[in-house]
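Colleague: Dumping the structure here so I can ask a few things about it.
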Amino acid sequence: MPADNRFQHQLYPTETAVAPAFRVLEADAGLDADFHRLHTVLKIGRVVVVHGTFMGDDPFGIADTLKAVAESAPLLAGQFNRVAELSLEKTQPFALGLTGDIGNYTDAYRVRFQELVGHDPRVELFSPTWSGQNHHLARADLAVRLFHQLLLRPLLPDQNVLLWGHSHAGNAFALLTNLLANHKPTVAKFFDAADQSGQPHWDAVREHLETAASPHPLAQHVFIAGFGTPVRYGWDTDGYAKLLHVSYHRVYDEASPEITKPLFPPYRIDEVLYAKWGDWVQAFAIAGTDVSNVSTRTVNKNLSLILEANLPEPQHGLDTRFIMPKRVRDTCFRWKTGTRCHADGINLLVDYVPSGDVTPLGRPIESSVMGHGASTTLRWLPAQLKLVMETLIHDTA
């Protein structure tokens with residue numbers, strides 16, 4: 001997407017600003033790298049590691065729904081709110097116990113990252129975490145939380161920050177670039193649609209952007225590395241310094257090697273489970289796959305009027321014309337494009353060579369979570385960090 005993007009959505013198929021690069025990656029590739037260059041060459045002073053969807057404190061919207069019921073039933077509000085708080089307290093530890101580092105960033109991942117880079121930059125897991133829910137408002141809230149943290153803890157004048165995120169965390173980064181570009185009328189519409197007045201971080205960021213420069217001075221200090229980010233929101237090129245996408249990919253069509261196998265007509269089930277063509281979830285989770293709950297449905301509808309306003313109406317053929325409901329019909333049409341690459345930034349299409357490591361269920365980690373899980377594992381961190389660092393250094397040069 002261009003500078004002055006104004007929250008436009010990416011299209012299907014995308015037109016990439018730079019041709020994607022193909023890489024074959026081995027797990028031991030980063031063991032001899034000089035990771036100090038992340039600080040000495042790229043001037044990264046801080047790394048913020050952000051998990052993706054379904055890994056937060058309320059990934060399925062249970063607590064949000066209970067709180068909404070509490071508001072509409074005052075006599076039972078205390079009971080519903082207590083259950084909501086208990087859900088928030090128990091959900092994330094339970095999820096972490098099931099997944100470990102498969103599809104989720106753990107504290108052990110942060111510790112290993114810090115060991116690799118030494119004392120600089122400082123590596124942190126984003127905290128407090130975001131809900132991990134799969135809809136516009138959850139990702140918008142993450143974008144605003146990130147901005148707020150950057151305001152509360154400003155970088156030194158010569159420092160950059162590296163946002164390192166998995167899955168839909170990358171789409172929150174995309175929204176952040178539009179906020180940093182700060183086209184004031186559109187930013188105002190975004191805040192109005194989100195309707196989060198009274199939330200301290202939303203109020204603080206909105207007030208700050210009303211008087212800040214356009215683009216915001218922070219923009220040229222923000223480096224972004226997204227792993228397995230589905231193609232959704234557009235990136236404003238005035239809202240970041242460097243942008244890199246790493247996607248697990250295996251070539252399906254030699255004539256168009258940058259596309260994934262189209263999801264419509266559907267894959268065979270074994271191709272999905274064993275990630276025959278790469279990250280299936282990254283290809284799947286495009287426009288039309290969000291899941292709202294009772295308490296967020298209206299806000300998400302309002303946000304979609306901004307965040308999806310430029311998506312053209314699909315021109316259906318016989319294969320999709322009679323699929324119901326319309327949302328599914330339109331999503332099937334978009335799945336047919338096999339879109340893997342983002343319109344802006346550097347797209348690295350990576351084929352992971354099996355490392356030999358397996359999940360607790362005995363499955364190779366590279367095919368775990370339908371190809372979406374390897375990006376967050378300790379086993380692959382050194383190789384991925386070397387790939388990101390060297391790509392960014394080369395792009396800077």
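Ordered as shown in the structure tokens, chains take letters A, B, and onward, while each chain numbers its residues from 1 and ligands are numbered from 1 in the order shown.
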Skipping near chain neighbours, those fewer than 4 positions away, what residues fall within 8 Å of region 228-240 of chain A using only C-alpha atoms, listed as a PyMOL selection string?
Modeller: chain A and resi 1-10+166-171+174-181+215-216+219-224+245-248+279+281-287+307+339-344+372+375
Colleague: Just the residues within 12 Å of Val123 (chain A), please, counting only C-alpha atoms, with nothing from its chain fewer than 2 positions along; format it as a PyMOL selection string.
Modeller: chain A and resi 38-39+44-50+107-121+125-127+161-164
Colleague: State, in Å with one decimal place, the distance from CA of Gly371 (chain A) to CA of Ala275 (chain A).
Modeller: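 Separating CA of Gly371 (chain A) from CA of Ala275 (chain A) is a distance of 4.9 Å.
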Colleague: For the structure I just gave you, how does DSSP split region 189-275 of chain A - specifically, which residues are alpha helix (DSSP H)? Reply as a list in words.
Modeller: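 Going through region 189-275 of chain A, the alpha helix (DSSP H) residues come out as Lys189, Phe190, Phe191, Asp192, Ala193, Ala194, Pro200, His201, Trp202, Asp203, Ala204, Val205, Arg206, Glu207, His208, Leu209, Glu210, Thr211, Ile269, Asp270, Glu271, Val272 and Leu273 of chain A.
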Colleague: Using only C-alpha atoms, which residue out of A:Gly345, A:Pro257, A:Gly103, A:Gly338 lies closest to Gly52 (chain A)?
Modeller: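 Of all the options, A:Gly103 lies closest to Gly52 (chain A).
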Colleague: Point out the residue among A:Met370, A:Leu303, A:Ala255, A:Ile393 with the least atom-to-atom distance to Arg139 (chain A), counting only C-alpha atoms.
Modeller: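 Closest to Arg139 (chain A), using only C-alpha atoms: A:Leu303.
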